Structure formats: C-alpha cells, structure tokens
Amino acid sequence: MSVRSITFILEDFAAGTPTQQVLDRFIIGYNRDGEFHRPESQISVALPPGFKTERLESRMREYKLRLAQLDLRTVREIDAFVFASTSGFAFSNGSLLEGTLLNMRRGTRCFILGHMGNDQASARRLFGVAALRGVPLVAGTVAATPTLLPDTRIPPDSHMSEALVVTQGPHPAAELAALESLMPFIETRHDSKSEIQEVRALQGNEVWEAGQAGKWSRLLLSAAFSRSNNIKGDPEKDGRTQDAAGLGLIENLAKNPRALLISHADGFRYAILVLDGAIGDTNLAIRFPEGRIISTQLYQPPGPMHDNYSRLAGVIEDYFQSGDLPWNEQRSFLMSEVLSRLGHKIGGNA
Amino acid sequence: MPVGQLKKAPRASLRAWRRRDFLTGLGSATALTLAPGFLTGCASVTTARRSTRRKPIAIIATSVRKHSHAQHFIDRFLEGYGWQGQWYHPSTYLVSLYVDQFPEGDLAEERSKRFNVPIYKTIEEALTRGGSKLAVDGVLIIGEHGNYPKNEIGQTLYPRYKWFKQVVELFEKNGRSVPVFNDKHLSTSWREAYEMVEDSKRLKFPFMAGSSLPVTWRIPSIDIPLNTPMVESVCIGYGAVDSYDFHGLETAQCMSERRSGGEIGVRSVHAMRGTGMWDALEQQESTAKLFLAALTRSHTVRPPAGFTIARPSIAWARKASSDAVGYFIEHNDGFRTSVFLCNGLVQDFTYAGMKRGGEIISCQMHLPMPLQIATTADFFNPLVNHIEHMIMDNQVPYPVERTLLTTGMTAFAVRSLAEGGPIETPGMKVEYQPAAAPTYWRL
C-alpha cells in the first residue's frame, strides 16, 4: 500500500519540540543517506480545539500543509497518522487516540511520537485496540535513533551479560531516553524473551552503594565514560582530559545520582545511571559473557536541527511505506512500564 | 606520563573497584598492554598503553590556555585520553616544554608543576633537557594561538618555520634526528613550507603535520576507496581565513588524494568572497551539486526563523552567509577542489566528492567542539594517537606532502583573496600516494 496521506494529530506546536522537528521533516524534507529527501505524501495536521493556527500558517503557505478535520470520513481516508505528544511521554488525550484508532480502516499506519502509555496496562490495551482494528501501531522518540560514535552493530542473537548507559538530564525523561537508546542493542540478544525479574530505581548514595555491591558494573561505567566528550568538573574548568572514572571523581561530581536497574530472569541485567554534574552526554557499554566489552557514544547532534530527528523521520517514513514495524511492541510495553514505575504520569490514555 | 612524575597520589580511593571486574576487562584491551605499576600510582586504574617501551618527548608551544591547541596536546600526553573504550596513556612521555607566551589564564605553569615537567627558557634547552645533547625522542611544534603579528595580507605569523629550523639545527649539531610533528599548516609561506619538508627528507626524520580533521570521526564512517576515479572534491566549513580554511582544505585533501593516480600537485588557486563567490559557484554545475550534497551531511545548517530545518539551496546559503569565502583549486590532472567557509550558515565541516560518472560520496568530519557540545576537544585524540605511533615506530601514518600542499593552498588562497584573481602555482608540483589503510577515527 502506498501511503499518500499522513495526518499529524497535534497537542501543541511549540518551537523546537519533537512535534515541530518531525512535522518539519515531513513537509520540508530531511537529510537522508547524503541526499535531501522530501516525503511524497500529502501532509495534514489535526489540531486541538482552540489551537491558534498562525504558528502553522507559514508552513501552510510555503509547504502546502493542510488542516484536517477528524471526522469519521476523514479518518477512514487517511493512510497514516502521527500522534504527537507534547510532553514527550504518552499522548495526553487518550480518548481521542483510542477513538481515532477505532475508526481507522484496516491497515492504516499509526505512530505515536512519545510513549505508548503511562503504564504497561494502558499500553497493552491501546495495542490491543489497534490489533483489533488491524492497525499497526508503534511508539518512539528520537532517543531510538541516535548517531553512534563509533558506529556499533551487534549481531542478532548475541549472548550478553550486562549493559550500562550513563547520561544526564531531568527525571524521568533522561532515564527513559537512555533506556530507549539502549533497546536496539539488547532487544535482539539471545534469549531476549526472558522476563524482567526486577526494576529498581535508586537515588543518592543508594546508587554508589549498589555499585559497591556489584549491582552495576564500574568497569562498564569506566568504558562508557571513556566515550564521553563532555565530562564535567576539571575538564569544564580548564579543558583538560581527565579519567573521571578511573580517578574515582564521579562520586564527587554527581551530587544527586539516579539509577534505574533492570534484571531479567536469564541473568542479563542493565543499568541506567543519570549522573548530572559528572557528564553531559550519553554513552553506552555492553559486556559479553567472554568478558569482551563494547562501548559507544549515543550522540545527539545540537539544535536547532537536532539531526537525529532526520533519522527518526526516516524510520517513520519507512514504516509507513512498508507497514513493517521498526521495533516490536515489547519495547513500547517496557517503556510504558518503566514510565509508570518512575512515578511520573503526564496526561494519560488509561 | 611516567608514573614517577606524579607529585601526589590520585585523589580518589581505588578500593571501590572490583578486582574481578577489572581483570575481566583486561581481556577487552585488544592490542593494548597495561603499563607497569598501573595499580599503584598511575593516574587511573582503567588505563592502558600500547607498549612498555617509553620514549621521552618535548612540546614547544606558543601559548597554553584553556582550549588552545597546546593545551589539547599537552593534556593528552600528560593525562591520557579516552581511546577505543578505555582510558589510554601514550607510551611517549612528556619531559620538557618550551612555551613562548604566558598570557592571563596560562595553564603551562600549573601543568608543569603538577606533572613535574620543566618549562625551559629556550627550544634548545627543551630538546636537550638542559644538557648539551638531544635528549628527547620526539618533538611537537604547536604554533597555534597566542598573540602574534599579522602580515599585510592577514596571515598570522606564528613562528612554526623559525622553530622548526631551530629544531633542525639542533638535529644537525647532534648528528641525530627524531620524529617531528607540526600542528596545522607548516608556514604562511610556500617556500618555507617546502624547505621544511626538504629538511626532513635530508635528515631522514619522520615528519608529520596538519589538522585533526582528516583523522576525526566521520558520519557516516566512510573512506574513499584507494584509486577511486574521482573528479572533484568540495568541503563546506566555517571559521576564519588563514585559520579554519586550512581545516577545510585538509578535509578535502585527505579524500582527494585517494583518487586514481594519487596526488600530482596543484596548478592554480582562486579565492573569492561574497557575491562574486556565490555567482561563481552557481556557474559551476558539478561544484554546486557537491555543495548541496555536502550540506546534507551538516548537523548545523541554520534554518529560516521558526523552522527546524532548511532545504539545501544555493539561494538559502547565499542569504544565510552573504560574506562567505570560497577557494577554487585546480590540480595538475584536472581534478578540482573547492572549499567554502560559510559563517552564519554552518558550524561544522562536511565533505562531498564526485566520481567520474557523477556518483557522489559524502560525509561529515565530526568535531565534538568544546563550548558547543563538549568540554574536551577529543578530535585531538586520534591525532595524538597518530603522533605517538610516529614517534614509537619511527614512521609517519600519512605523508607530510598532504600538509605541504594544503599549506600552499592556504597561503596562495589568502593571497588571492587579498589581491584578487587567480594565482598560478607552478611550484606546487607535489606528487605523493596516500596511506593505504584508513587513518580516521573508527573504533
């Protein structure tokens, strides 16, 4: 099926938001494999009641962006939908999302720019509604499409022991982004169906104590730190390189650390460390059973372009055109479950 | 950095480290070997060196301030740097410094004291470590940043040539030469640059020079296959004339040199600015096509107000960077190189090259730039690593002729810009073959 019409259902349209980043790429175009590519589909937006359209007028004028009404006839005519969450978490207007899903014709593609739900139950229900209607549904953010330095590929079905991502940023967005960035590396590992046994969120000294107790690996932290270009403390003051991990400086730099520890029934475990004050970028390390470690930086290019949105736009467009989900629903369920456990509900489709 | 050079013990306790973790990790150290004594006084425990052999080096520098080039080099040799997934200490160790200027914010004194590396009053003393004989196995000349006069065409008169000649004189006096690295272009003068390369050949010492652009990350991670039938290269960058233009030229040249037949020299250089430059670009179909292709590799193209992305076009580039500078270079085999400094349009360096038949190869030479997206200028990591290899192995990783040519391109372009019109460069008949193996940051 050729996707000729795509409608973005907006909650807002603020400057620099993920919504603007993705919509701009669908109407203007984006960098793709060394060329500037513009999707051929007709793009329209459906707006919440009371939304002032002047923010979109230049796009309507210059790029033929259209307004769409979400009546039954229109919903059944549109080939693909993007539900753009303002918060970056779940789409706030859950009834609108479910109602639209229920009225889509079979095969309509659907992407949630954000997370599928604020908890696993709501995500599963939403997925169930979509499945019932025969509508492929997937959720994700730009965290799913980082630039990797170095470019790192892990063969599917690889055995893995442990993984760690070190990052910074506000709670819970930083934890969720890091987890979503990690997913492409670990969800195709050997025995990836193994159930999650435990999810623990730690803060403050608990984080360091867990490290001392071997709940997360300092060696992986060191490997991840070695990929950073943005170590805080002395490097920030005078530009020096510094082995913050090896010198044991991290504990002093990160005054209020946070950690998310997840372990699976097969023994595989991973840690998200959010170390504000110690690091300014996001880096990953994975250990394999034979002791080998790989590490990479999950690079997010700077604004206003934030070019990883070009990668995300490419993933969404490919999915719309092929109907093949870019990642499976289990990722969405996990993200929603973790969002719920981190105790930060915004909006809700429950 | 030799273990014994640390004046005080590392600040942090090592007890938190799990020995089992650490030992397991050793298996991942690939070809690296651990330094002796690494657990008992070295700067860090997750450290590695490529060899237990050690070679002393000297750095002679214009000025050492936060984010000056000398600071980037000195700190990487003293503190180490992240490399291939672990912290890495070079097998070379810094034993002496010569620093020309000590401005406010100087860091040379602090580094000297903390690592017990003396700052000598002359280059000769730095190379002999206060004695009478050459006492280092490698020399780095970092003549970038600091307060130096400009000449009538705007070139900053850094003392690279003068210092190089002093180093060469000492080599001759001692009857022994060691590898030398010269940061950035060799000189502001083609004649001086040529003489520097001739000196290195005459005395048979490995001589390496240039920018970090050819060796940094590439997005995507690609190289031009050796002997590709290329017809043209374009680089888009930003920054000042006689400064970042050199980085753009090195970006283009490290790709262009891999074309069929290798490099055979440059016959003319023409630099233009503003409207004239944009008009010239629009009249060159293939160059304009490569310009747009390079733009699609940029992460920093300034979008129109209120938008997040700009459709690449010469019209938009002209508007966003009305005073842009372009260098149009013709090689002796008909190959063409164009470099554009588009301030206001981009803040990164991107490359596009065209194969015979029209196929385009493009990438970004990625610089994690301090004050933008980084605290440390880690694009110096691969450059420092190459310098260490050169000194340890007595062999250059890539030919200095690349930088000889880019030095000439820079110098003649600055003159062309100042005087107007193209400059014929019959003296730039420099032939060389590139390194066969990729030398950029990949792992």
# chains A, B, ... in the order shown; residues from 1 in each chain; ligands from 1
>>> select_by_dssp(residues="stretch 176-245 of chain A", states="strand (DSSP E)", output="tab-separated table (two decimals) with C-alpha atoms, in the first residue's frame")
chain	number	residue	atom	x	y	z
A	196	ILE	CA	12.04	-8.91	33.53
A	197	GLN	CA	12.60	-10.01	37.08
A	198	GLU	CA	13.21	-6.72	38.81
A	199	VAL	CA	13.13	-2.98	38.15
A	200	ARG	CA	14.72	-0.78	40.80
A	201	ALA	CA	15.00	2.98	40.85
A	202	LEU	CA	17.71	4.37	43.13
A	203	GLN	CA	18.80	7.82	44.13
>>> residues_around(residues="B:Ile119", least_positions_apart="2", cutoff="12 Å", atoms="only C-alpha atoms", output="PyMOL selection string")
chain B and resi 58-61+64+94-102+107-113+115-117+121-127+129-130
>>> closest_residue(among="B:Gly237, B:Gly80, B:Gly421, B:Pro229", to="chain A", atoms="only C-alpha atoms")
B:Gly80
>>> closest_residue(among="B:Ala413, B:Ala436, B:Cys363, B:Leu186", to="A:Asn31", atoms="only C-alpha atoms")
B:Cys363
>>> residues_around(residues="B:Thr375", least_positions_apart="5", cutoff="7 Å", atoms="only C-alpha atoms", output="list in words")
Asn229, Asn230, Ile231, Pro235, Glu236 and Gly239 of chain A; Pro370 of chain B
>>> closest_atom_pairs(of="chain A", to="chain B", cutoff="7 Å", atoms="only C-alpha atoms", output="CSV")
residue,atom,partner,partner_atom,distance
A:Ala15,CA,B:Gly306,CA,6.9
A:Gly16,CA,B:Thr308,CA,6.8
A:Gln21,CA,B:Thr308,CA,6.0
A:Asp24,CA,B:Thr308,CA,6.7
A:Ile28,CA,B:Arg311,CA,6.6
A:Gly29,CA,B:Arg311,CA,6.9
A:Asn31,CA,B:Thr296,CA,5.3
A:Gly34,CA,B:Thr296,CA,5.7
A:Glu35,CA,B:Thr296,CA,5.9
A:Phe36,CA,B:Thr296,CA,6.1
A:Pro150,CA,B:Leu443,CA,5.5
A:Gln212,CA,B:Ala16,CA,6.1
A:Arg218,CA,B:Trp17,CA,6.9
A:Leu219,CA,B:Asp21,CA,5.9
A:Ser222,CA,B:Gln86,CA,7.0
A:Ala223,CA,B:Gly85,CA,5.1
A:Ser226,CA,B:Gly82,CA,4.5
A:Arg227,CA,B:Gly82,CA,6.2
A:Asn229,CA,B:Ala374,CA,5.1
A:Asn230,CA,B:Ala374,CA,4.5
A:Ile231,CA,B:Thr375,CA,6.3
A:Pro235,CA,B:Thr375,CA,5.8
A:Glu236,CA,B:Thr375,CA,5.2
A:Asp238,CA,B:Lys66,CA,5.0
A:Gly239,CA,B:Thr376,CA,5.4
A:Arg240,CA,B:Asp75,CA,5.7
A:Thr241,CA,B:Tyr81,CA,6.0
A:Gln242,CA,B:Glu79,CA,6.2
A:Asp243,CA,B:Trp87,CA,6.4
A:Gly246,CA,B:Ser44,CA,4.5
A:Leu247,CA,B:Ser44,CA,5.2
A:Gly248,CA,B:Ala12,CA,4.9
A:Leu249,CA,B:Ala12,CA,6.5
A:Gly291,CA,B:Thr24,CA,5.5
A:Arg292,CA,B:Ser28,CA,4.8
A:Ile293,CA,B:Ser28,CA,5.9
A:Ile294,CA,B:Gly85,CA,7.0
A:Ser295,CA,B:Gly85,CA,5.7
A:Pro301,CA,B:His299,CA,6.4
A:Pro304,CA,B:Thr308,CA,5.6
A:Met305,CA,B:Thr308,CA,5.2
A:Asp307,CA,B:His299,CA,5.6
>>> select_by_dssp(residues="stretch 201-394 of chain B", states="alpha helix (DSSP H)", output="MDAnalysis selection string")
chainID B and resid 201:202 244:256 274:282 285:295 314:320 380:393
>>> atom_distance(atom1="atom CA of A:Phe8", atom2="atom CA of A:Glu77")
13.9 Å
>>> atom_distance(atom1="atom CA of A:Ser2", atom2="atom CA of A:Gln321")
6.0 Å
>>> residues_around(residues="stretch 130-142 of chain A", least_positions_apart="5", cutoff="7 Å", atoms="only C-alpha atoms", output="ChimeraX atom specification")
/A:101-102,106-116,308-309,312,325,329,332
>>> closest_residue(among="A:Gly343, A:Leu149, A:Gly303, A:Ser181", to="A:Thr17", atoms="only C-alpha atoms")
A:Gly303
>>> decode(residues="stretch 144-172 of chain A", atoms="N, CA and C atoms", output="tab-separated table (two decimals), in the first residue's frame")
chain	number	residue	atom	x	y	z
A	144	ALA	N	15.45	6.78	20.14
A	144	ALA	CA	15.59	5.46	19.50
A	144	ALA	C	16.54	5.49	18.31
A	145	THR	N	16.90	6.68	17.85
A	145	THR	CA	17.70	6.77	16.62
A	145	THR	C	18.94	7.64	16.82
A	146	PRO	N	19.79	7.29	17.77
A	146	PRO	CA	20.99	8.10	17.98
A	146	PRO	C	22.03	7.86	16.89
A	147	THR	N	22.93	8.82	16.75
A	147	THR	CA	24.13	8.60	15.95
A	147	THR	C	25.15	7.94	16.86
A	148	LEU	N	25.79	6.88	16.38
A	148	LEU	CA	26.69	6.10	17.23
A	148	LEU	C	28.14	6.43	16.90
A	149	LEU	N	28.91	6.76	17.92
A	149	LEU	CA	30.34	7.04	17.78
A	149	LEU	C	31.14	6.16	18.74
A	150	PRO	N	31.74	5.08	18.27
A	150	PRO	CA	31.79	4.63	16.88
A	150	PRO	C	30.49	3.94	16.47
A	151	ASP	N	30.36	3.80	15.14
A	151	ASP	CA	29.21	3.10	14.59
A	151	ASP	C	29.30	1.64	15.03
A	152	THR	N	28.36	1.20	15.85
A	152	THR	CA	28.49	-0.10	16.52
A	152	THR	C	27.29	-0.97	16.18
A	153	ARG	N	27.56	-2.14	15.67
A	153	ARG	CA	26.48	-3.09	15.37
A	153	ARG	C	26.73	-4.37	16.14
A	154	ILE	N	25.68	-4.92	16.70
A	154	ILE	CA	25.79	-6.19	17.40
A	154	ILE	C	24.95	-7.21	16.64
A	155	PRO	N	25.55	-8.33	16.27
A	155	PRO	CA	24.77	-9.32	15.52
A	155	PRO	C	23.59	-9.82	16.34
A	156	PRO	N	22.44	-10.04	15.69
A	156	PRO	CA	21.29	-10.58	16.42
A	156	PRO	C	21.64	-11.92	17.07
A	157	ASP	N	20.96	-12.22	18.14
A	157	ASP	CA	21.12	-13.48	18.88
A	157	ASP	C	22.45	-13.56	19.63
A	158	SER	N	23.12	-12.44	19.80
A	158	SER	CA	24.36	-12.45	20.59
A	158	SER	C	24.03	-12.68	22.07
A	159	HIS	N	24.88	-13.41	22.72
A	159	HIS	CA	24.76	-13.57	24.18
A	159	HIS	C	25.34	-12.33	24.84
A	160	MET	N	24.66	-11.80	25.83
A	160	MET	CA	25.14	-10.62	26.56
A	160	MET	C	25.01	-10.85	28.05
A	161	SER	N	25.93	-10.24	28.81
A	161	SER	CA	25.87	-10.37	30.26
A	161	SER	C	25.24	-9.15	30.92
A	162	GLU	N	25.66	-7.99	30.44
A	162	GLU	CA	25.34	-6.79	31.20
A	162	GLU	C	25.48	-5.57	30.31
A	163	ALA	N	24.69	-4.56	30.60
A	163	ALA	CA	24.80	-3.30	29.85
A	163	ALA	C	24.64	-2.12	30.80
A	164	LEU	N	25.17	-0.99	30.37
A	164	LEU	CA	25.06	0.21	31.19
A	164	LEU	C	25.02	1.43	30.28
A	165	VAL	N	24.13	2.36	30.60
A	165	VAL	CA	24.11	3.65	29.91
A	165	VAL	C	24.32	4.72	30.96
A	166	VAL	N	25.21	5.65	30.70
A	166	VAL	CA	25.39	6.79	31.60
A	166	VAL	C	24.94	8.05	30.85
A	167	THR	N	24.15	8.85	31.54
A	167	THR	CA	23.56	10.02	30.89
A	167	THR	C	23.33	11.12	31.92
A	168	GLN	N	22.63	12.16	31.51
A	168	GLN	CA	22.27	13.25	32.42
A	168	GLN	C	20.93	13.83	31.99
A	169	GLY	N	20.32	14.59	32.86
A	169	GLY	CA	19.07	15.25	32.48
A	169	GLY	C	17.98	15.06	33.51
A	170	PRO	N	16.83	15.70	33.26
A	170	PRO	CA	15.74	15.67	34.24
A	170	PRO	C	15.06	14.31	34.34
A	171	HIS	N	14.53	14.06	35.49
A	171	HIS	CA	13.77	12.84	35.77
A	171	HIS	C	12.33	13.03	35.29
A	172	PRO	N	11.73	12.06	34.67
A	172	PRO	CA	12.24	10.76	34.27
A	172	PRO	C	12.65	10.72	32.80
